[in-house]
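Data from data.txt: compact mmCIF, C-alpha atoms
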# COMPACT_ATOMS: atom_id res chain seq x y z
CA MET I 1 79.96 131.55 127.49
CA GLY I 2 83.45 130.12 128.07
CA ARG I 3 85.61 128.92 125.23
CA PRO I 4 87.49 125.60 125.28
CA LYS I 5 90.70 125.87 127.29
CA ALA I 6 92.97 125.19 124.32
CA ALA I 7 91.33 127.96 122.33
CA GLU I 8 91.71 130.34 125.27
CA GLU I 9 95.38 129.51 125.63
CA THR I 10 96.00 130.08 121.95
CA ALA I 11 93.85 133.13 121.42
CA GLY I 12 94.99 134.65 124.72
CA THR I 13 98.62 134.78 123.66
CA ARG I 14 99.89 138.27 123.03
CA LEU I 15 103.09 139.30 121.44
CA LYS I 16 104.70 141.56 124.02
CA LEU I 17 107.85 143.51 123.32
CA ASP I 18 109.35 143.33 126.78
CA GLY I 19 112.47 142.11 128.59
CA ARG I 20 111.24 138.51 128.70
CA ALA I 21 110.75 138.50 124.95
CA ALA I 22 114.28 139.85 124.50
CA VAL I 23 115.69 137.11 126.74
CA ARG I 24 113.70 134.45 124.87
CA MET I 25 114.95 135.84 121.56
CA ALA I 26 118.56 135.79 122.77
CA ALA I 27 118.11 132.20 124.01
CA GLY I 28 116.53 131.22 120.69
CA PHE I 29 119.39 132.85 118.84
CA ALA I 30 121.93 130.91 120.95
CA ALA I 31 120.04 127.62 120.50
CA GLY I 32 119.74 128.25 116.77
CA LEU I 33 123.43 129.08 116.53
CA VAL I 34 124.47 125.90 118.35
CA SER I 35 122.19 123.75 116.16
CA TRP I 36 123.39 125.53 113.04
CA LEU I 37 127.04 124.98 113.93
CA ALA I 38 126.42 121.34 114.89
CA PHE I 39 124.38 120.32 111.85
CA SER I 40 125.70 122.56 109.06
CA GLY I 41 127.63 119.69 107.45
CA PRO I 42 124.78 117.21 106.99
CA TYR I 43 122.36 120.06 106.25
CA GLU I 44 124.53 121.31 103.39
CA LYS I 45 124.66 117.78 101.97
CA THR I 46 120.84 117.57 101.80
CA VAL I 47 120.59 121.03 100.22
CA ALA I 48 123.36 120.27 97.71
CA SER I 49 122.00 116.87 96.69
CA THR I 50 118.43 118.18 96.24
CA ALA I 51 119.61 121.22 94.25
CA SER I 52 121.75 118.84 92.18
CA VAL I 53 118.69 116.75 91.30
CA LEU I 54 116.71 119.89 90.41
CA ILE I 55 119.43 121.27 88.16
CA ARG I 56 119.98 117.92 86.42
CA THR I 57 116.24 117.58 85.82
CA PHE I 58 116.21 120.74 83.72
CA GLU I 59 119.59 120.53 81.97
CA SER I 60 120.47 118.52 78.92
CA PRO I 61 122.69 116.60 79.08
CA SER I 62 122.51 116.10 82.86
CA VAL I 63 126.07 116.83 83.91
CA THR I 64 125.93 118.83 87.15
CA SER I 65 126.71 117.35 90.51
CA LEU I 66 126.98 119.36 93.71
CA SER I 67 128.81 118.22 96.81
CA ALA I 68 129.28 119.69 100.26
CA PRO I 69 132.75 118.75 101.49
CA GLY I 70 132.48 121.16 104.43
CA GLY I 71 131.95 124.90 104.52
CA GLU I 72 131.32 125.22 100.81
CA ILE I 73 129.23 123.80 98.00
CA ARG I 74 131.45 122.46 95.26
CA VAL I 75 130.11 122.61 91.72
CA ASP I 76 131.19 119.83 89.40
CA ARG I 77 130.18 118.97 85.85
CA SER I 78 131.10 115.78 84.08
CA ASP I 79 132.05 117.89 81.02
CA PHE I 80 134.57 120.02 82.93
CA PRO I 81 138.18 119.24 81.95
CA PRO I 82 139.51 116.90 84.65
CA ALA I 83 142.35 119.26 85.60
CA SER I 84 140.27 122.46 85.83
CA PRO I 85 139.42 123.84 89.29
CA ARG I 86 135.85 123.34 90.50
CA PRO I 87 133.96 126.44 91.65
CA GLY I 88 133.33 126.50 95.40
CA LEU I 89 130.43 128.51 96.81
CA PRO I 90 130.45 129.65 100.46
CA ALA I 91 127.74 127.65 102.21
CA ALA I 92 127.29 129.65 105.42
CA ASP I 93 126.00 132.70 103.54
CA LEU I 94 123.28 130.52 102.07
CA HIS I 95 121.77 129.09 105.24
CA PHE I 96 122.88 131.05 108.31
CA ASN I 97 119.41 132.60 108.35
CA PHE I 98 118.22 129.45 110.14
CA VAL I 99 119.57 131.21 113.26
CA LEU I 100 117.30 134.19 112.55
CA LEU I 101 114.32 131.87 112.23
CA ALA I 102 115.09 130.25 115.59
CA ALA I 103 115.44 133.65 117.27
CA LEU I 104 112.14 134.88 115.83
CA PHE I 105 110.21 131.79 116.91
CA ALA I 106 111.67 132.01 120.41
CA PHE I 107 110.45 135.61 120.59
CA VAL I 108 106.86 134.40 120.93
CA PRO I 109 105.70 133.27 124.42
CA HIS I 110 105.91 129.51 125.08
CA PRO I 111 107.94 128.67 121.97
CA LEU I 112 108.32 125.04 123.01
CA GLU I 113 104.57 124.48 123.29
CA PRO I 114 103.98 121.49 120.91
CA ARG I 115 101.89 123.35 118.34
CA ARG I 116 104.36 126.23 118.12
CA PHE I 117 107.32 123.89 118.03
CA LEU I 118 105.68 122.03 115.13
CA ARG I 119 105.14 125.34 113.34
CA PHE I 120 108.81 126.15 113.83
CA TRP I 121 109.83 122.92 112.12
CA LEU I 122 107.32 123.54 109.32
CA ALA I 123 108.91 126.96 108.83
CA ALA I 124 112.38 125.37 108.94
CA ALA I 125 111.25 122.97 106.20
CA GLY I 126 110.09 125.97 104.18
CA LEU I 127 113.44 127.63 104.74
CA TRP I 128 115.22 124.48 103.57
CA ALA I 129 113.23 124.62 100.32
CA ILE I 130 114.24 128.28 99.93
CA HIS I 131 117.90 127.30 100.47
CA VAL I 132 117.63 124.67 97.74
CA LEU I 133 116.10 127.20 95.37
CA ALA I 134 118.72 129.84 96.24
CA LEU I 135 121.49 127.33 95.55
CA VAL I 136 119.97 126.49 92.16
CA PHE I 137 119.99 130.21 91.32
CA GLN I 138 123.56 130.57 92.59
CA VAL I 139 124.86 127.66 90.52
CA GLU I 140 123.01 128.84 87.42
CA SER I 141 124.40 132.36 87.92
CA VAL I 142 127.91 130.84 88.07
CA TYR I 143 127.21 128.98 84.84
CA ALA I 144 125.76 132.11 83.24
CA THR I 145 128.50 134.57 84.15
CA ARG I 146 131.72 132.94 85.39
CA LEU I 147 132.68 130.41 82.76
CA GLY I 148 133.89 132.83 80.11
CA ALA I 149 133.13 131.96 76.50
CA TRP I 150 131.15 128.90 77.57
CA SER I 151 128.77 131.14 79.56
CA GLU I 152 128.27 133.47 76.60
CA ALA I 153 127.63 130.56 74.26
CA HIS I 154 125.06 128.85 76.49
CA TYR I 155 123.24 131.71 78.24
CA GLY I 156 121.51 134.61 76.52
CA SER I 157 121.15 138.07 77.99
CA PHE I 158 117.76 137.36 79.60
CA ALA I 159 118.92 134.11 81.18
CA ARG I 160 122.07 135.77 82.54
CA ASN I 161 120.08 138.57 84.13
CA PHE I 162 117.38 136.21 85.42
CA TRP I 163 119.73 133.86 87.28
CA THR I 164 122.09 136.58 88.48
CA ALA I 165 119.36 138.94 89.67
CA GLY I 166 117.55 136.05 91.35
CA PHE I 167 120.56 135.09 93.40
CA HIS I 168 121.55 138.69 94.05
CA PHE I 169 118.04 139.35 95.37
CA TYR I 170 118.49 136.44 97.77
CA GLN I 171 121.86 137.80 98.91
CA ILE I 172 120.69 141.36 99.46
CA ALA I 173 117.13 140.96 100.68
CA GLY I 174 115.71 137.45 100.37
CA ARG I 175 117.86 135.69 102.92
CA PHE I 176 116.85 138.21 105.58
CA ALA I 177 113.23 138.46 104.55
CA ALA I 178 112.63 134.69 104.31
CA PRO I 179 112.81 133.93 108.07
CA PHE I 180 110.62 136.95 108.83
CA ALA I 181 108.03 135.97 106.21
CA LEU I 182 107.92 132.34 107.37
CA TRP I 183 107.64 133.42 111.00
CA TRP I 184 104.82 135.82 110.17
CA LEU I 185 103.00 133.19 108.15
CA MET I 186 103.31 130.47 110.81
CA VAL I 187 103.02 132.40 114.05
CA ARG I 188 100.85 135.38 113.27
CA PRO I 189 97.53 133.54 112.81
CA GLU I 190 97.61 132.04 116.30
CA MET I 191 98.36 135.31 118.05
CA ASP I 192 95.58 137.16 119.80
CA HIS I 193 93.89 139.71 117.54
CA ALA I 194 94.42 142.20 120.34
CA SER I 195 98.16 142.03 119.73
CA GLY I 196 97.34 144.08 116.70
CA LEU I 197 100.11 142.72 114.51
CA ASP I 198 97.96 141.04 111.92
CA GLY I 199 97.91 143.94 109.55
CA ARG I 200 94.31 144.89 110.15
CA GLY I 201 93.16 147.53 107.77
CA MET K 1 81.98 136.95 114.27
CA THR K 2 82.78 133.37 115.38
CA GLU K 3 86.29 132.31 116.46
CA ASN K 4 86.74 130.40 113.17
CA GLY K 5 85.58 133.43 111.21
CA LYS K 6 87.99 135.71 113.10
CA GLU K 7 90.86 133.30 112.55
CA ALA K 8 90.11 133.01 108.82
CA SER K 9 89.92 136.78 108.56
CA SER K 10 93.20 137.16 110.48
CA ASN K 11 94.84 134.59 108.19
CA ARG K 12 93.68 136.50 105.14
CA ARG K 13 95.08 139.77 106.49
CA SER K 14 98.37 138.06 107.29
CA VAL K 15 98.64 136.66 103.79
CA PHE K 16 97.75 140.02 102.21
CA PHE K 17 100.34 141.74 104.39
CA LEU K 18 102.96 139.20 103.28
CA ALA K 19 102.01 139.58 99.62
CA ARG K 20 102.37 143.37 99.85
CA PHE K 21 105.62 142.98 101.81
CA VAL K 22 107.18 140.65 99.22
CA ALA K 23 106.01 142.78 96.29
CA LEU K 24 107.48 145.93 97.86
CA LEU K 25 110.71 144.16 98.73
CA VAL K 26 111.15 142.94 95.16
CA GLY K 27 110.29 146.40 93.81
CA PHE K 28 112.73 148.16 96.14
CA TYR K 29 115.40 145.60 95.32
CA PHE K 30 115.15 146.38 91.61
CA VAL K 31 115.34 150.11 92.33
CA VAL K 32 118.36 149.77 94.63
CA ALA K 33 120.16 147.25 92.42
CA SER K 34 119.75 149.25 89.22
CA ASN K 35 123.03 150.75 88.04
CA PRO K 36 121.95 154.43 88.07
CA VAL K 37 120.60 154.24 91.64
CA ASN K 38 123.53 152.13 92.79
CA ASP K 39 126.05 154.58 91.35
CA ALA K 40 124.28 157.79 92.32
CA VAL K 41 122.87 156.83 95.72
CA ILE K 42 124.08 153.54 97.19
CA VAL K 43 127.81 153.87 96.52
CA PRO K 44 128.04 157.48 97.82
CA PHE K 45 125.90 156.51 100.81
CA THR K 46 128.20 153.54 101.54
CA ALA K 47 131.21 155.83 101.22
CA GLY K 48 129.53 158.08 103.79
CA VAL K 49 129.13 155.10 106.13
CA ALA K 50 132.86 154.38 105.65
CA ARG K 51 133.81 158.01 106.41
CA VAL K 52 131.70 158.22 109.59
CA SER K 53 133.03 154.82 110.72
CA THR K 54 136.58 156.07 110.16
CA VAL K 55 135.90 159.11 112.35
CA ILE K 56 134.59 156.85 115.14
CA LEU K 57 137.52 154.43 114.76
CA ALA K 58 139.97 157.33 114.94
CA ALA K 59 138.21 158.58 118.07
CA ILE K 60 138.79 155.23 119.79
CA GLY K 61 142.46 155.30 118.89
CA GLU K 62 142.67 153.33 115.63
CA LYS K 63 145.02 154.68 112.96
CA VAL K 64 142.76 154.39 109.93
CA SER K 65 142.25 155.96 106.55
CA VAL K 66 139.36 155.79 104.12
CA ALA K 67 139.27 155.57 100.34
CA GLY K 68 135.77 155.40 98.88
CA THR K 69 134.05 152.48 100.59
CA GLU K 70 137.27 150.97 101.94
CA ILE K 71 138.62 151.49 105.47
CA ARG K 72 142.21 150.50 106.09
CA SER K 73 144.86 150.53 108.78
CA GLY K 74 148.31 149.00 108.97
CA GLU K 75 146.89 145.65 110.13
CA PHE K 76 143.58 145.33 108.36
CA ALA K 77 141.41 146.63 105.53
CA VAL K 78 137.72 146.20 104.91
CA ASN K 79 135.55 147.15 101.96
CA ILE K 80 131.96 147.95 102.86
CA GLU K 81 129.78 146.31 100.25
CA ASN K 82 126.07 146.02 99.63
CA GLY K 83 124.75 143.86 102.43
CA CYS K 84 127.00 145.60 104.97
CA ASN K 85 125.78 149.18 104.60
CA GLY K 86 122.49 148.72 106.44
CA VAL K 87 120.51 149.16 103.24
CA GLU K 88 119.38 145.52 103.25
CA ALA K 89 117.88 145.87 106.75
CA ALA K 90 116.35 149.21 105.77
CA LEU K 91 114.72 147.56 102.71
CA LEU K 92 113.21 144.89 104.95
CA PHE K 93 112.01 147.45 107.48
CA GLY K 94 110.68 149.87 104.86
CA SER K 95 108.79 147.15 103.00
CA ALA K 96 107.15 145.94 106.22
CA ILE K 97 106.16 149.49 107.27
CA LEU K 98 104.69 150.30 103.86
CA ALA K 99 102.86 146.95 103.69
CA PHE K 100 101.22 147.56 107.05
CA PRO K 101 97.99 149.56 106.95
CA ALA K 102 98.57 152.96 108.57
CA PRO K 103 98.19 156.67 107.75
CA TRP K 104 100.95 157.96 105.50
CA HIS K 105 102.30 160.53 107.97
CA ARG K 106 102.79 157.85 110.64
CA ARG K 107 104.41 155.54 108.10
CA ALA K 108 106.78 158.35 107.09
CA LEU K 109 107.68 159.02 110.72
CA GLY K 110 108.31 155.30 111.28
CA LEU K 111 110.45 155.09 108.16
CA VAL K 112 112.65 158.05 109.10
CA ALA K 113 113.09 157.03 112.75
CA GLY K 114 113.65 153.37 111.86
CA PHE K 115 116.16 154.15 109.14
CA ALA K 116 118.14 156.35 111.53
CA ALA K 117 118.10 153.66 114.23
CA ILE K 118 119.18 150.94 111.78
CA GLN K 119 122.02 153.09 110.47
CA ALA K 120 123.16 153.91 114.01
CA LEU K 121 123.36 150.19 114.80
CA ASN K 122 125.06 149.54 111.48
CA LEU K 123 127.79 152.04 112.37
CA VAL K 124 128.41 150.10 115.58
CA ARG K 125 128.57 146.96 113.43
CA VAL K 126 131.11 148.38 110.96
CA VAL K 127 133.29 149.86 113.70
CA SER K 128 133.24 146.71 115.83
CA LEU K 129 133.89 144.45 112.83
CA PHE K 130 136.87 146.57 111.81
CA TRP K 131 138.20 146.42 115.36
CA ILE K 132 137.68 142.62 115.45
CA GLY K 133 139.38 142.24 112.06
CA ALA K 134 142.37 144.28 113.21
CA HIS K 135 142.75 142.81 116.69
CA ARG K 136 140.95 139.42 116.71
CA PRO K 137 141.07 138.32 113.06
CA ALA K 138 140.13 134.71 113.86
CA LEU K 139 136.69 135.95 114.99
CA PHE K 140 136.04 138.18 112.00
CA SER K 141 134.29 135.73 109.69
CA SER K 142 131.78 134.38 112.21
CA SER K 143 131.15 137.86 113.64
CA HIS K 144 130.55 139.23 110.16
CA THR K 145 128.38 136.50 108.71
CA VAL K 146 126.34 135.28 111.62
CA LEU K 147 126.40 137.60 114.60
CA TRP K 148 126.20 141.07 113.14
CA GLN K 149 124.06 140.31 110.11
CA SER K 150 121.58 138.55 112.37
CA ALA K 151 121.69 141.33 114.95
CA VAL K 152 120.96 144.07 112.42
CA VAL K 153 118.11 142.13 110.81
CA LEU K 154 116.56 141.11 114.14
CA PHE K 155 116.81 144.73 115.25
CA SER K 156 114.95 145.90 112.15
CA VAL K 157 112.25 143.26 112.71
CA LEU K 158 111.88 144.36 116.33
CA LEU K 159 111.64 147.98 115.24
CA PHE K 160 108.85 147.08 112.85
CA LEU K 161 106.98 145.05 115.49
CA PHE K 162 107.32 147.93 117.94
CA TRP K 163 106.03 150.42 115.36
CA ALA K 164 103.16 148.13 114.28
CA SER K 165 102.13 147.49 117.85
CA ARG K 166 102.15 151.23 118.62
CA GLU K 167 100.26 151.95 115.42
CA GLN K 168 97.57 149.47 116.41
CA ARG K 169 97.23 151.00 119.87
CA ILE K 170 96.83 154.47 118.35
CA ARG K 171 94.16 153.16 116.01
CA ALA K 172 92.31 151.42 118.83
CA ALA K 173 92.38 154.65 120.86
CA GLU K 174 91.08 156.60 117.85
CA ALA K 175 88.26 154.08 117.38
CA VAL K 176 87.24 154.42 121.02
CA GLY K 177 87.32 158.21 120.63
CA GLU K 178 85.07 158.08 117.55
CA HIS K 179 82.49 155.55 118.72
CA GLY K 180 82.61 155.89 122.48
CA PRO K 181 83.89 153.30 124.94
CA SER K 182 80.66 151.27 124.96
CA LYS K 183 80.98 150.49 121.26
CA GLY K 184 84.70 149.70 121.33
CA ARG K 185 85.93 146.37 119.98
Could you spell out this file's structure in structure tokens?
Amino acid sequence: MGRPKAAEETAGTRLKLDGRAAVRMAAGFAAGLVSWLAFSGPYEKTVASTASVLIRTFESPSVTSLSAPGGEIRVDRSDFPPASPRPGLPAADLHFNFVLLAALFAFVPHPLEPRRFLRFWLAAAGLWAIHVLALVFQVESVYATRLGAWSEAHYGSFARNFWTAGFHFYQIAGRFAAPFALWWLMVRPEMDHASGLDGRG
Amino acid sequence: MTENGKEASSNRRSVFFLARFVALLVGFYFVVASNPVNDAVIVPFTAGVARVSTVILAAIGEKVSVAGTEIRSGEFAVNIENGCNGVEAALLFGSAILAFPAPWHRRALGLVAGFAAIQALNLVRVVSLFWIGAHRPALFSSSHTVLWQSAVVLFSVLLFLFWASREQRIRAAEAVGEHGPSKGR
């Protein structure tokens, strides 16, 4: 008995590691890179403002404000002395993995097919949430380790290790693993079982 | 099994694979980031990457010297840090291989071959980045952050997908051999 056409199209898709896939991946990488370069500024503002809200929600008094003047996230606190320099965190390191996500989604056949394109944007939304969380960890690790006596007075040993290890994990492994994990989660279920990449035991 | 049942089962396997992958990645991170392992394994390994890169750079005519993990010439110096020694891509690759169901000997083979391939590409990365830094410094930052990091990670993902696909084919062939072609999936 025949299956509905849509089901056939979806279930019939196989993940092939061939020249076409490599070309699609390169095109996806290029498209992701162009988008990333074009929209980094506004993107950083949304990440910074959301992380700012999160940090302020859990700090007392609420003094942190993050801004994204371009290329970096600037950390400000209303209790910093007015003349002291504000820490600046490199922004590209935080979110360049959007390009990886675009390349991975383009790797799959028909990446612009509406359902797959929607999944890509769902994954991009997930990656945005990860960027916000990573920025929270980065700012807290700055507070915990880079403000001298103030850091020692306000952060205990566990808190220092927690925030620093959390951000270091993102730097070393998390920022590379996140696009792969989101891609696997979003794309894998709609691939044909015959592709054999669903981790069958 | 119905299509819905197959899809639900596939979703479950995907989620279990991801859970194992993330757990292994976190575990490996703590091993690699611990001071004893970092000092005894990662730093000497990174120094080895610097030495081999220096040999290659010298072979292509660059006047370079190496001190620990730092490569320098008259125009440019670069310190190879964690994140640039290929270990991060190897962690990703290793976690994915170990999270994927397969016999241990084939996992071990995949790990060794994949690690060697990732390190070979990483040497190309270090050498080319040093050359770019010395001769095209304006391009260094974007090449370092976006192009090469992405290339090494995408390469490790592709290696894993290639291995997993091959592993699945081997298993399918073994299943046909055990049950006969008429009972194959």
Output as a Markdown table one row per residue of chain K within 8 Å of chain I: the closest atom pair and its distance in Å to one decimal place, counting only C-alpha atoms, sorted by chain and residue number ascending.
| residue | atom | partner | partner_atom | distance |
| --- | --- | --- | --- | --- |
| K:Glu7 | CA | I:Pro189 | CA | 6.7 |
| K:Ser10 | CA | I:Pro189 | CA | 6.1 |
| K:Asn11 | CA | I:Pro189 | CA | 5.4 |
| K:Arg13 | CA | I:Gly199 | CA | 5.9 |
| K:Ser14 | CA | I:Asp198 | CA | 5.5 |
| K:Val15 | CA | I:Leu185 | CA | 7.1 |
| K:Phe17 | CA | I:Gly199 | CA | 6.1 |
| K:Leu18 | CA | I:Ala181 | CA | 6.7 |
| K:Leu25 | CA | I:Ala173 | CA | 7.4 |
| K:Val26 | CA | I:Phe169 | CA | 7.8 |
| K:Tyr29 | CA | I:Phe169 | CA | 6.8 |
| K:Asn82 | CA | I:Ile172 | CA | 7.1 |
| K:Gly83 | CA | I:Ile172 | CA | 5.6 |
| K:Glu88 | CA | I:Ala173 | CA | 5.7 |
| K:Ala89 | CA | I:Phe176 | CA | 7.8 |
| K:Leu91 | CA | I:Ala173 | CA | 7.3 |
| K:Leu92 | CA | I:Ala177 | CA | 6.4 |
| K:Phe100 | CA | I:Gly199 | CA | 5.5 |
| K:Pro101 | CA | I:Gly201 | CA | 5.3 |
| K:Ala102 | CA | I:Gly201 | CA | 7.7 |
| K:Thr145 | CA | I:Asp93 | CA | 6.8 |
| K:Val146 | CA | I:Phe96 | CA | 6.4 |
| K:Ser150 | CA | I:Leu100 | CA | 6.1 |
| K:Val153 | CA | I:Phe176 | CA | 6.7 |
| K:Leu154 | CA | I:Leu100 | CA | 7.1 |
| K:Val157 | CA | I:Phe180 | CA | 7.6 |
| K:Leu161 | CA | I:Leu197 | CA | 7.3 |
| K:Phe162 | CA | I:Leu17 | CA | 7.0 |
| K:Ala164 | CA | I:Leu197 | CA | 6.2 |
| K:Ser165 | CA | I:Gly196 | CA | 6.0 |
| K:Gln168 | CA | I:Gly196 | CA | 5.4 |
| K:Arg169 | CA | I:Gly196 | CA | 7.6 |
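Contact shell of K:Lys63 at 7 Å (only C-alpha atoms; same-chain neighbours under 2 positions omitted): Ala58, Gly61 and Ser73 of chain K.
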task: For stretch 49-55 of chain I, list every protein, DNA or RNA residue within 9 Å, evaluated using only C-alpha atoms, and leave out those in the same chain fewer than 2 positions away; present the list as a PyMOL selection string.
output: chain I and resi 44-47+57-59+62+64-68+131-136+139-140
query: Using only C-alpha atoms, which of K:Trp148, K:Phe140, K:Trp104, K:Phe93 sits nearest K:Trp163?
result: K:Phe93
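Straight-line separation from atom CA of I:Pro85 to atom CA of K:Glu81: 26.8 Å.
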- request: Could you give me, as a PyMOL selection string, the residues within 12 Å of I:Leu118, counting only C-alpha atoms and dropping anything in the same chain fewer than 6 positions from it?
  value: chain I and resi 105+111-112+124-125+186-187
- prompt: Quick one, how far is atom CA of K:Gly114 from atom CA of K:Val32?
  reply: 18.2 Å
message: Counting all atoms listed in the file, which residues have an atom no more than 12 Å from (127.8, 153.1, 97.5) in the file's coordinates? Please list them as an NGL selection string.
response: :K and (32-33 or 35-51 or 68-70 or 79-87)
